[in-house]
$ cat structure.cif   # mmCIF, C-alpha atoms
data_query
loop_
_atom_site.label_atom_id
_atom_site.label_comp_id
_atom_site.auth_asym_id
_atom_site.auth_seq_id
_atom_site.Cartn_x
_atom_site.Cartn_y
_atom_site.Cartn_z
CA MET L 107 5.78 -12.35 28.24
CA THR L 108 7.81 -9.88 30.26
CA PRO L 109 6.19 -6.69 31.59
CA PHE L 110 8.49 -4.61 29.36
CA VAL L 111 7.06 -6.15 26.17
CA ALA L 112 3.53 -5.85 27.57
CA VAL L 113 4.06 -2.12 28.18
CA ILE L 114 5.26 -1.63 24.58
CA VAL L 115 2.25 -3.57 23.21
CA VAL L 116 -0.17 -1.55 25.34
CA LEU L 117 1.43 1.79 24.41
CA LEU L 118 1.22 1.00 20.68
CA ALA L 119 -2.39 -0.17 20.99
CA LEU L 120 -3.39 2.89 23.05
CA PHE L 121 -1.69 5.27 20.61
CA GLY L 122 -3.56 3.73 17.68
CA ALA L 123 -6.87 3.71 19.51
CA ALA L 124 -6.41 7.36 20.57
CA LEU L 125 -5.71 8.33 16.95
CA ALA L 126 -8.86 6.48 15.84
CA ALA L 127 -10.91 8.32 18.48
CA VAL L 128 -9.45 11.72 17.50
CA GLY L 129 -10.12 11.02 13.83
CA SER L 130 -13.74 10.12 14.52
CA TYR L 131 -14.13 13.23 16.68
CA GLY L 132 -12.86 15.30 13.74
CA LEU L 133 -15.39 13.54 11.52
CA LEU L 134 -18.13 14.67 13.89
CA ARG L 135 -16.84 18.17 14.48
CA LEU L 136 -15.62 19.64 11.17
CA ARG L 137 -18.09 21.63 9.12
CA SER L 138 -18.02 20.70 5.43
CA PHE L 139 -17.64 17.36 3.68
CA TYR L 140 -14.28 18.26 2.16
CA GLU L 141 -12.91 19.07 5.60
CA ARG L 142 -14.34 15.85 7.04
CA ALA L 143 -12.58 13.77 4.38
CA HIS L 144 -9.23 14.49 6.08
CA PRO L 145 -9.54 13.24 9.71
CA ALA L 146 -11.03 9.93 8.56
CA THR L 147 -7.63 8.96 7.14
CA LEU L 148 -5.97 9.44 10.54
CA ALA L 149 -7.34 6.17 11.88
CA ALA L 150 -6.82 4.37 8.57
CA THR L 151 -3.09 5.02 8.23
CA LEU L 152 -1.16 5.68 11.44
CA GLY L 153 -3.81 4.41 13.86
CA ALA L 154 -4.34 1.05 12.15
CA THR L 155 -0.60 0.58 11.56
CA SER L 156 0.18 1.21 15.23
CA ILE L 157 -2.48 -1.21 16.51
CA LEU L 158 -1.40 -3.90 14.04
CA LEU L 159 2.27 -3.45 15.00
CA ALA L 160 1.17 -4.09 18.58
CA ALA L 161 -0.61 -7.24 17.34
CA ILE L 162 2.51 -8.49 15.50
CA LEU L 163 4.64 -7.92 18.61
CA PHE L 164 2.07 -9.60 20.88
CA TYR L 165 1.56 -12.72 18.77
CA SER L 166 5.27 -13.08 17.95
CA VAL L 167 6.32 -12.86 21.60
CA SER L 168 3.59 -15.16 22.87
CA ALA L 169 4.27 -17.78 20.14
CA GLY L 170 8.06 -17.55 20.52
CA ARG L 171 8.64 -17.04 16.78
CA PHE L 172 7.95 -14.32 14.20
CA LEU L 173 4.25 -14.37 13.22
CA PRO L 174 3.67 -11.70 10.55
CA LYS L 175 -0.04 -12.38 9.97
CA ALA L 176 -1.01 -8.80 10.77
CA LEU L 177 1.42 -7.57 8.10
CA LEU L 178 -1.32 -8.40 5.57
CA LEU L 179 -3.63 -5.89 7.27
CA ILE L 180 -0.83 -3.31 7.64
CA VAL L 181 -0.36 -3.40 3.88
CA PHE L 182 -4.05 -3.66 3.07
CA ILE L 183 -5.75 -0.96 5.20
CA PRO L 184 -3.52 2.06 4.42
CA LEU L 185 -3.47 1.04 0.75
CA VAL L 186 -7.21 0.69 0.32
CA ASN L 187 -8.78 3.31 2.56
CA PRO L 188 -7.38 6.41 0.78
CA VAL L 189 -8.62 4.92 -2.49
CA THR L 190 -12.20 4.85 -1.20
CA THR L 191 -11.84 8.34 0.25
CA MET L 192 -10.61 9.67 -3.09
CA LEU L 193 -13.41 7.93 -5.00
CA LEU L 194 -15.89 9.41 -2.54
CA ALA L 195 -14.42 12.92 -2.85
CA ARG L 196 -14.64 12.75 -6.63
CA ALA L 197 -18.23 11.53 -6.39
CA ALA L 198 -19.02 14.41 -4.02
CA LEU L 199 -17.40 16.90 -6.41
CA SER L 200 -19.41 15.66 -9.36
CA ARG L 201 -22.59 15.71 -7.27
CA ASP L 202 -21.88 19.27 -6.14
CA ARG L 203 -21.30 20.39 -9.72
CA ALA L 204 -24.48 18.72 -10.92
CA ARG L 205 -26.48 20.36 -8.13
CA ARG L 206 -27.73 23.70 -9.41
CA ARG L 207 -31.44 23.47 -8.66
CA PRO L 208 -32.28 25.93 -5.85
CA THR L 209 -36.06 25.33 -6.04
CA ALA L 210 -36.08 22.12 -3.99
CA VAL L 211 -34.14 23.60 -1.06
CA VAL L 212 -36.07 24.35 2.12
CA GLU L 213 -35.12 27.69 3.66
CA GLY L 214 -33.23 27.39 6.95
CA SER L 215 -32.48 23.69 6.55
CA ALA L 216 -29.02 22.13 6.63
CA GLU L 217 -29.15 21.89 2.83
CA ALA L 218 -29.72 25.63 2.47
CA GLU L 219 -26.91 26.32 4.92
CA TRP L 220 -24.61 24.06 2.96
CA LEU L 221 -25.50 25.69 -0.37
CA ARG L 222 -24.85 29.14 1.12
CA GLU L 223 -21.43 28.01 2.32
CA ALA L 224 -20.62 26.55 -1.10
CA ASP L 225 -21.63 29.80 -2.82
CA GLU L 226 -19.48 31.79 -0.40
CA LEU L 227 -16.53 29.50 -1.15
CA VAL L 228 -16.97 29.93 -4.92
CA ARG L 229 -17.21 33.71 -4.51
CA ALA L 230 -14.10 33.83 -2.30
CA GLN L 231 -12.17 31.75 -4.84
CA ALA L 232 -13.21 34.05 -7.71
CA GLU L 233 -12.21 37.10 -5.63
CA ALA L 234 -8.81 35.55 -4.84
CA ALA L 235 -8.26 34.77 -8.53
CA ARG L 236 -9.14 38.38 -9.41
CA GLN L 237 -6.72 39.77 -6.79
CA GLN L 238 -4.01 37.45 -8.08
CA ALA L 239 -4.63 38.66 -11.65
CA ILE L 240 -4.27 42.32 -10.47
CA VAL L 241 -1.03 41.49 -8.67
CA ASP L 242 0.27 39.69 -11.75
CA ASP L 243 -0.56 42.70 -13.96
CA GLU L 244 1.28 45.05 -11.61
CA THR L 245 4.39 42.91 -11.29
CA ALA L 246 4.65 41.76 -14.89
CA PRO L 247 5.91 45.06 -16.48
CA ALA L 248 8.30 45.68 -13.59
CA VAL L 249 9.90 42.31 -14.19
CA ALA L 250 9.91 42.75 -17.97
CA THR L 251 11.65 46.14 -18.11
CA ASP L 252 15.33 46.25 -17.23
CA ARG L 253 15.83 48.92 -14.57
CA SER L 254 19.60 49.39 -14.82
CA GLU L 255 19.22 50.27 -18.49
CA GLY L 256 16.66 52.96 -17.67
CA GLU L 257 18.87 54.57 -15.02
CA ALA L 258 21.90 54.61 -17.29
CA MET N 297 2.22 -5.35 38.29
CA THR N 298 2.37 -8.45 36.14
CA ALA N 299 2.41 -8.51 32.36
CA GLN N 300 -1.07 -10.05 32.33
CA ALA N 301 -2.54 -7.16 34.33
CA ILE N 302 -0.81 -4.54 32.17
CA LEU N 303 -2.16 -6.19 29.02
CA HIS N 304 -5.65 -6.57 30.47
CA TRP N 305 -6.12 -2.97 31.59
CA GLY N 306 -4.23 -1.37 28.69
CA LEU N 307 -6.15 -3.27 26.04
CA LEU N 308 -9.39 -2.55 27.88
CA ALA N 309 -8.56 1.18 27.65
CA ALA N 310 -7.84 0.77 23.93
CA HIS N 311 -11.27 -0.88 23.61
CA GLY N 312 -12.81 2.13 25.31
CA LEU N 313 -11.06 4.65 23.03
CA LEU N 314 -12.06 2.71 19.89
CA GLY N 315 -15.61 2.55 21.24
CA ILE N 316 -15.65 6.34 21.66
CA GLY N 317 -14.50 6.66 18.05
CA LEU N 318 -17.26 4.26 17.01
CA VAL N 319 -19.88 6.41 18.79
CA PHE N 320 -18.62 9.62 17.09
CA ALA N 321 -18.63 7.98 13.66
CA ALA N 322 -22.13 6.57 14.26
CA ALA N 323 -23.34 10.06 15.25
CA ARG N 324 -22.04 11.42 11.94
CA LEU N 325 -23.67 8.47 10.15
CA ILE N 326 -27.02 9.43 11.66
CA ARG N 327 -26.71 13.21 11.29
CA GLY N 328 -25.70 13.21 7.64
CA PRO N 329 -26.46 15.80 6.24
CA ARG N 330 -25.75 14.43 2.75
CA ALA N 331 -25.15 10.96 1.35
CA GLN N 332 -21.37 11.33 0.98
CA ASP N 333 -21.06 12.26 4.66
CA ARG N 334 -22.85 9.06 5.59
CA VAL N 335 -20.61 6.94 3.35
CA LEU N 336 -17.53 8.56 4.91
CA ALA N 337 -18.91 7.83 8.38
CA PHE N 338 -19.63 4.23 7.34
CA ASP N 339 -15.97 3.95 6.30
CA ALA N 340 -14.88 5.13 9.76
CA VAL N 341 -17.36 2.79 11.47
CA TYR N 342 -16.16 -0.39 9.79
CA LEU N 343 -12.52 0.56 10.26
CA ASN N 344 -13.03 1.19 13.98
CA ALA N 345 -14.93 -2.09 14.29
CA ALA N 346 -12.13 -4.03 12.56
CA LEU N 347 -9.58 -2.47 14.94
CA GLN N 348 -11.84 -3.43 17.86
CA VAL N 349 -11.75 -7.03 16.61
CA VAL N 350 -7.92 -6.93 16.43
CA VAL N 351 -7.70 -5.61 20.01
CA PHE N 352 -10.22 -8.23 21.15
CA GLY N 353 -8.11 -10.94 19.53
CA MET N 354 -5.08 -9.71 21.49
CA ARG N 355 -7.08 -9.88 24.72
CA ALA N 356 -8.28 -13.40 23.89
CA GLY N 357 -4.75 -14.42 22.83
CA GLN N 358 -5.91 -16.07 19.60
CA SER N 359 -4.59 -14.96 16.22
CA GLY N 360 -7.69 -16.12 14.35
CA TYR N 361 -9.32 -12.74 14.96
CA LEU N 362 -6.90 -11.15 12.48
CA GLU N 363 -8.58 -13.03 9.62
CA ALA N 364 -11.95 -11.78 10.81
CA ALA N 365 -10.63 -8.20 10.76
CA LEU N 366 -9.23 -8.76 7.26
CA VAL N 367 -12.60 -9.98 6.00
CA MET N 368 -14.29 -6.97 7.62
CA THR N 369 -11.99 -4.48 5.90
CA LEU N 370 -12.33 -6.29 2.55
CA LEU N 371 -16.13 -6.23 2.67
CA GLY N 372 -16.13 -2.64 3.92
CA PHE N 373 -13.89 -1.60 1.04
CA ALA N 374 -16.16 -3.32 -1.47
CA GLY N 375 -19.23 -1.70 0.09
CA SER N 376 -17.94 1.84 0.33
CA SER N 377 -16.38 1.84 -3.14
CA ALA N 378 -19.67 0.55 -4.58
CA LEU N 379 -21.50 3.33 -2.71
CA ALA N 380 -19.03 5.95 -4.03
CA LYS N 381 -19.54 4.61 -7.55
CA PHE N 382 -23.28 4.79 -7.06
CA LEU N 383 -23.09 8.40 -5.86
CA MET N 384 -20.97 9.33 -8.86
CA ARG N 385 -22.93 7.65 -11.64
CA GLY N 386 -26.32 6.72 -10.23
CA GLU N 387 -25.74 3.02 -10.87
CA VAL N 388 -23.21 0.52 -9.55
CA ILE N 389 -22.58 -1.68 -12.61
CA GLU N 390 -22.76 -0.07 -16.02
#
$ encode --input "structure.cif" --output "structure tokens"
Amino acid sequence: MTPFVAVIVVLLALFGAALAAVGSYGLLRLRSFYERAHPATLAATLGATSILLAAILFYSVSAGRFLPKALLLIVFIPLVNPVTTMLLARAALSRDRARRRPTAVVEGSAEAEWLREADELVRAQAEAARQQAIVDDETAPAVATDRSEGEA
Amino acid sequence: MTAQAILHWGLLAAHGLLGIGLVFAAARLIRGPRAQDRVLAFDAVYLNAALQVVVFGMRAGQSGYLEAALVMTLLGFAGSSALAKFLMRGEVIE
């Protein structure tokens, strides 16, 4: 194996590993579950693909012929991981909708903090919908009436 | 610098980065706060571990490690989808 090929293999592997580390850091750092669902896919798609491309290159060069064994993983991981993430997000949504019992929540705990954030989000969404409805009401007649006819 | 040395140190650095990712995901797994966060962190943990196995196979120069990584991702997929199903319905098999 020439040093040139080794450098390419190492760069691909380092890029993938760095993406996996950044994705896990996002998992630790972001605040709500729905935000945390996003960085987890970073490692699953581009990170895994990059590391496995490095593996294909490494094994092919060191065997002297094309060895596409890692292609199986390149197809499998990015196909399967978003499916689990989506299943999990739907499960979390249905759990959040089912959860309307404020009696069991301890004041000041992480649960109470989370519920407060969820309530704020719902209120902000309702407010945005109301503002949008006002804007729609204001613009609708202006669009409907033909101005040139009125001026003439 | 020979190709062997480049591969050795570069893949060792990749090991370190994947290990850092593993530590972050494990911290989220422990901290929670809710069940879906833990399942998401478990997803990240098994994926990082499978990539570690791939990098280790490259360092060892044997392609048999790729099958091990494939089995890890398969079992991890089965586990986390069963957990997601459990969180959604309260039972795995209806």
$ closest_residue --input "structure.cif" --among "L:Thr190, L:Ser168, L:Thr245, L:Gln238" --to "Thr108 of chain L" --atoms "all atoms listed in the file"
L:Ser168
$ closest_residue --input "structure.cif" --among "L:Val241, L:Val186, L:Ala234, L:Gly153" --to "Phe373 of chain N" --atoms "only C-alpha atoms"
L:Val186
$ resolve_selection --input "structure.cif" --expression "the PyMOL selection byres ((chain L) within 7 of (chain N))" --output "PyMOL selection string"
chain L and resi 107-109+112-113+116+119-120+123-124+126-127+130-131+133-134+139+146+154+161+176+179+190+193-194+197-198+200-201+216
$ resolve_selection --input "structure.cif" --expression "the PyMOL selection byres ((chain L and resi 180) around 9)" --output "number ranges by chain"
L: 151, 154-156, 158-159, 176-179, 181-185
$ atom_distance --input "structure.cif" --atom1 "atom CA of Leu371 of chain N" --atom2 "atom CA of Phe172 of chain L"
27.9 Å
$ closest_residue --input "structure.cif" --among "L:Tyr165, L:Ala160, L:Asp225, L:Leu148" --to "Thr191 of chain L" --atoms "all atoms listed in the file"
L:Leu148
$ atom_distance --input "structure.cif" --atom1 "atom CA of Tyr140 of chain L" --atom2 "atom CA of Phe121 of chain L"
25.8 Å
$ atom_distance --input "structure.cif" --atom1 "atom CA of Pro188 of chain L" --atom2 "atom CA of Thr147 of chain L"
6.9 Å
$ closest_residue --input "structure.cif" --among "L:Leu173, L:Ala149, L:Ile157, L:Ala143" --to "Leu117 of chain L" --atoms "only C-alpha atoms"
L:Ile157
$ decode --input "structure.cif" --residues "segment 176-192 of chain L" --atoms "all heavy atoms" --output "PDB file, in the first residue's frame"
ATOM      1  N   ALA L 176     -17.976  -4.189   2.504  1.00  0.00           N
ATOM      2  CA  ALA L 176     -18.527  -3.110   3.320  1.00  0.00           C
ATOM      3  C   ALA L 176     -19.706  -2.421   2.650  1.00  0.00           C
ATOM      4  O   ALA L 176     -20.419  -1.656   3.289  1.00  0.00           O
ATOM      5  CB  ALA L 176     -17.442  -2.091   3.636  1.00  0.00           C
ATOM      6  N   LEU L 177     -19.904  -2.704   1.348  1.00  0.00           N
ATOM      7  CA  LEU L 177     -21.039  -2.113   0.634  1.00  0.00           C
ATOM      8  C   LEU L 177     -22.360  -2.513   1.290  1.00  0.00           C
ATOM      9  O   LEU L 177     -23.319  -1.737   1.314  1.00  0.00           O
ATOM     10  CB  LEU L 177     -21.004  -2.587  -0.823  1.00  0.00           C
ATOM     11  CG  LEU L 177     -21.444  -1.594  -1.895  1.00  0.00           C
ATOM     12  CD1 LEU L 177     -20.623  -0.331  -1.780  1.00  0.00           C
ATOM     13  CD2 LEU L 177     -21.263  -2.191  -3.257  1.00  0.00           C
ATOM     14  N   LEU L 178     -22.395  -3.733   1.841  1.00  0.00           N
ATOM     15  CA  LEU L 178     -23.573  -4.236   2.551  1.00  0.00           C
ATOM     16  C   LEU L 178     -23.931  -3.299   3.695  1.00  0.00           C
ATOM     17  O   LEU L 178     -25.093  -2.918   3.884  1.00  0.00           O
ATOM     18  CB  LEU L 178     -23.228  -5.624   3.087  1.00  0.00           C
ATOM     19  CG  LEU L 178     -24.313  -6.679   3.162  1.00  0.00           C
ATOM     20  CD1 LEU L 178     -24.844  -6.965   1.789  1.00  0.00           C
ATOM     21  CD2 LEU L 178     -23.744  -7.940   3.764  1.00  0.00           C
ATOM     22  N   LEU L 179     -22.892  -2.900   4.467  1.00  0.00           N
ATOM     23  CA  LEU L 179     -23.124  -1.997   5.602  1.00  0.00           C
ATOM     24  C   LEU L 179     -23.465  -0.598   5.121  1.00  0.00           C
ATOM     25  O   LEU L 179     -24.292   0.085   5.730  1.00  0.00           O
ATOM     26  CB  LEU L 179     -21.872  -1.955   6.482  1.00  0.00           C
ATOM     27  CG  LEU L 179     -21.755  -3.076   7.494  1.00  0.00           C
ATOM     28  CD1 LEU L 179     -20.349  -3.154   8.012  1.00  0.00           C
ATOM     29  CD2 LEU L 179     -22.697  -2.828   8.629  1.00  0.00           C
ATOM     30  N   ILE L 180     -22.854  -0.144   3.998  1.00  0.00           N
ATOM     31  CA  ILE L 180     -23.160   1.189   3.472  1.00  0.00           C
ATOM     32  C   ILE L 180     -24.624   1.275   3.089  1.00  0.00           C
ATOM     33  O   ILE L 180     -25.274   2.297   3.282  1.00  0.00           O
ATOM     34  CB  ILE L 180     -22.266   1.508   2.254  1.00  0.00           C
ATOM     35  CG1 ILE L 180     -20.838   1.753   2.702  1.00  0.00           C
ATOM     36  CG2 ILE L 180     -22.770   2.725   1.520  1.00  0.00           C
ATOM     37  CD1 ILE L 180     -19.949   2.247   1.614  1.00  0.00           C
ATOM     38  N   VAL L 181     -25.165   0.182   2.521  1.00  0.00           N
ATOM     39  CA  VAL L 181     -26.584   0.185   2.181  1.00  0.00           C
ATOM     40  C   VAL L 181     -27.420   0.057   3.443  1.00  0.00           C
ATOM     41  O   VAL L 181     -28.429   0.738   3.603  1.00  0.00           O
ATOM     42  CB  VAL L 181     -26.901  -0.965   1.199  1.00  0.00           C
ATOM     43  CG1 VAL L 181     -28.390  -1.088   0.977  1.00  0.00           C
ATOM     44  CG2 VAL L 181     -26.196  -0.726  -0.112  1.00  0.00           C
ATOM     45  N   PHE L 182     -26.975  -0.792   4.374  1.00  0.00           N
ATOM     46  CA  PHE L 182     -27.832  -1.168   5.493  1.00  0.00           C
ATOM     47  C   PHE L 182     -27.988  -0.054   6.530  1.00  0.00           C
ATOM     48  O   PHE L 182     -29.098   0.270   6.935  1.00  0.00           O
ATOM     49  CB  PHE L 182     -27.259  -2.434   6.148  1.00  0.00           C
ATOM     50  CG  PHE L 182     -28.137  -2.988   7.212  1.00  0.00           C
ATOM     51  CD1 PHE L 182     -29.328  -3.608   6.873  1.00  0.00           C
ATOM     52  CD2 PHE L 182     -27.790  -2.879   8.534  1.00  0.00           C
ATOM     53  CE1 PHE L 182     -30.138  -4.107   7.843  1.00  0.00           C
ATOM     54  CE2 PHE L 182     -28.605  -3.384   9.508  1.00  0.00           C
ATOM     55  CZ  PHE L 182     -29.781  -4.007   9.164  1.00  0.00           C
ATOM     56  N   ILE L 183     -26.873   0.553   6.968  1.00  0.00           N
ATOM     57  CA  ILE L 183     -26.948   1.512   8.083  1.00  0.00           C
ATOM     58  C   ILE L 183     -27.766   2.758   7.728  1.00  0.00           C
ATOM     59  O   ILE L 183     -28.697   3.097   8.452  1.00  0.00           O
ATOM     60  CB  ILE L 183     -25.536   1.870   8.590  1.00  0.00           C
ATOM     61  CG1 ILE L 183     -24.893   0.643   9.219  1.00  0.00           C
ATOM     62  CG2 ILE L 183     -25.610   2.974   9.627  1.00  0.00           C
ATOM     63  CD1 ILE L 183     -23.508   0.893   9.726  1.00  0.00           C
ATOM     64  N   PRO L 184     -27.479   3.475   6.609  1.00  0.00           N
ATOM     65  CA  PRO L 184     -28.285   4.658   6.332  1.00  0.00           C
ATOM     66  C   PRO L 184     -29.730   4.338   5.985  1.00  0.00           C
ATOM     67  O   PRO L 184     -30.585   5.200   6.057  1.00  0.00           O
ATOM     68  CB  PRO L 184     -27.583   5.312   5.142  1.00  0.00           C
ATOM     69  CG  PRO L 184     -26.241   4.766   5.143  1.00  0.00           C
ATOM     70  CD  PRO L 184     -26.380   3.380   5.627  1.00  0.00           C
ATOM     71  N   LEU L 185     -30.014   3.087   5.584  1.00  0.00           N
ATOM     72  CA  LEU L 185     -31.392   2.713   5.285  1.00  0.00           C
ATOM     73  C   LEU L 185     -32.188   2.486   6.565  1.00  0.00           C
ATOM     74  O   LEU L 185     -33.356   2.856   6.662  1.00  0.00           O
ATOM     75  CB  LEU L 185     -31.380   1.437   4.444  1.00  0.00           C
ATOM     76  CG  LEU L 185     -32.615   1.134   3.598  1.00  0.00           C
ATOM     77  CD1 LEU L 185     -32.678   2.136   2.483  1.00  0.00           C
ATOM     78  CD2 LEU L 185     -32.523  -0.265   3.055  1.00  0.00           C
ATOM     79  N   VAL L 186     -31.540   1.884   7.562  1.00  0.00           N
ATOM     80  CA  VAL L 186     -32.261   1.362   8.712  1.00  0.00           C
ATOM     81  C   VAL L 186     -32.333   2.361   9.855  1.00  0.00           C
ATOM     82  O   VAL L 186     -33.328   2.452  10.560  1.00  0.00           O
ATOM     83  CB  VAL L 186     -31.579   0.045   9.139  1.00  0.00           C
ATOM     84  CG1 VAL L 186     -31.498  -0.084  10.612  1.00  0.00           C
ATOM     85  CG2 VAL L 186     -32.291  -1.129   8.527  1.00  0.00           C
ATOM     86  N   ASN L 187     -31.273   3.169  10.018  1.00  0.00           N
ATOM     87  CA  ASN L 187     -31.232   4.043  11.195  1.00  0.00           C
ATOM     88  C   ASN L 187     -32.300   5.131  11.175  1.00  0.00           C
ATOM     89  O   ASN L 187     -32.932   5.378  12.200  1.00  0.00           O
ATOM     90  CB  ASN L 187     -29.833   4.641  11.322  1.00  0.00           C
ATOM     91  CG  ASN L 187     -29.512   4.942  12.748  1.00  0.00           C
ATOM     92  OD1 ASN L 187     -30.045   5.891  13.286  1.00  0.00           O
ATOM     93  ND2 ASN L 187     -28.697   4.126  13.370  1.00  0.00           N
ATOM     94  N   PRO L 188     -32.560   5.807  10.037  1.00  0.00           N
ATOM     95  CA  PRO L 188     -33.658   6.780  10.027  1.00  0.00           C
ATOM     96  C   PRO L 188     -35.003   6.144  10.316  1.00  0.00           C
ATOM     97  O   PRO L 188     -35.889   6.802  10.871  1.00  0.00           O
ATOM     98  CB  PRO L 188     -33.606   7.362   8.618  1.00  0.00           C
ATOM     99  CG  PRO L 188     -32.215   7.196   8.191  1.00  0.00           C
ATOM    100  CD  PRO L 188     -31.794   5.902   8.771  1.00  0.00           C
ATOM    101  N   VAL L 189     -35.176   4.872   9.935  1.00  0.00           N
ATOM    102  CA  VAL L 189     -36.444   4.198  10.222  1.00  0.00           C
ATOM    103  C   VAL L 189     -36.669   4.109  11.724  1.00  0.00           C
ATOM    104  O   VAL L 189     -37.747   4.430  12.235  1.00  0.00           O
ATOM    105  CB  VAL L 189     -36.450   2.791   9.580  1.00  0.00           C
ATOM    106  CG1 VAL L 189     -37.684   2.035   9.998  1.00  0.00           C
ATOM    107  CG2 VAL L 189     -36.395   2.895   8.086  1.00  0.00           C
ATOM    108  N   THR L 190     -35.619   3.690  12.467  1.00  0.00           N
ATOM    109  CA  THR L 190     -35.770   3.617  13.928  1.00  0.00           C
ATOM    110  C   THR L 190     -35.997   4.997  14.516  1.00  0.00           C
ATOM    111  O   THR L 190     -36.797   5.145  15.438  1.00  0.00           O
ATOM    112  CB  THR L 190     -34.518   3.034  14.588  1.00  0.00           C
ATOM    113  OG1 THR L 190     -33.429   3.164  13.734  1.00  0.00           O
ATOM    114  CG2 THR L 190     -34.723   1.622  14.969  1.00  0.00           C
ATOM    115  N   THR L 191     -35.276   6.016  13.992  1.00  0.00           N
ATOM    116  CA  THR L 191     -35.450   7.357  14.537  1.00  0.00           C
ATOM    117  C   THR L 191     -36.881   7.846  14.324  1.00  0.00           C
ATOM    118  O   THR L 191     -37.483   8.452  15.221  1.00  0.00           O
ATOM    119  CB  THR L 191     -34.462   8.321  13.876  1.00  0.00           C
ATOM    120  OG1 THR L 191     -33.164   7.763  13.943  1.00  0.00           O
ATOM    121  CG2 THR L 191     -34.462   9.650  14.568  1.00  0.00           C
ATOM    122  N   MET L 192     -37.444   7.536  13.148  1.00  0.00           N
ATOM    123  CA  MET L 192     -38.813   7.971  12.875  1.00  0.00           C
ATOM    124  C   MET L 192     -39.809   7.240  13.763  1.00  0.00           C
ATOM    125  O   MET L 192     -40.732   7.859  14.314  1.00  0.00           O
ATOM    126  CB  MET L 192     -39.145   7.712  11.409  1.00  0.00           C
ATOM    127  CG  MET L 192     -39.522   8.965  10.667  1.00  0.00           C
ATOM    128  SD  MET L 192     -39.543   8.672   8.928  1.00  0.00           S
ATOM    129  CE  MET L 192     -40.935   7.587   8.781  1.00  0.00           C
TER     130      MET L 192
END
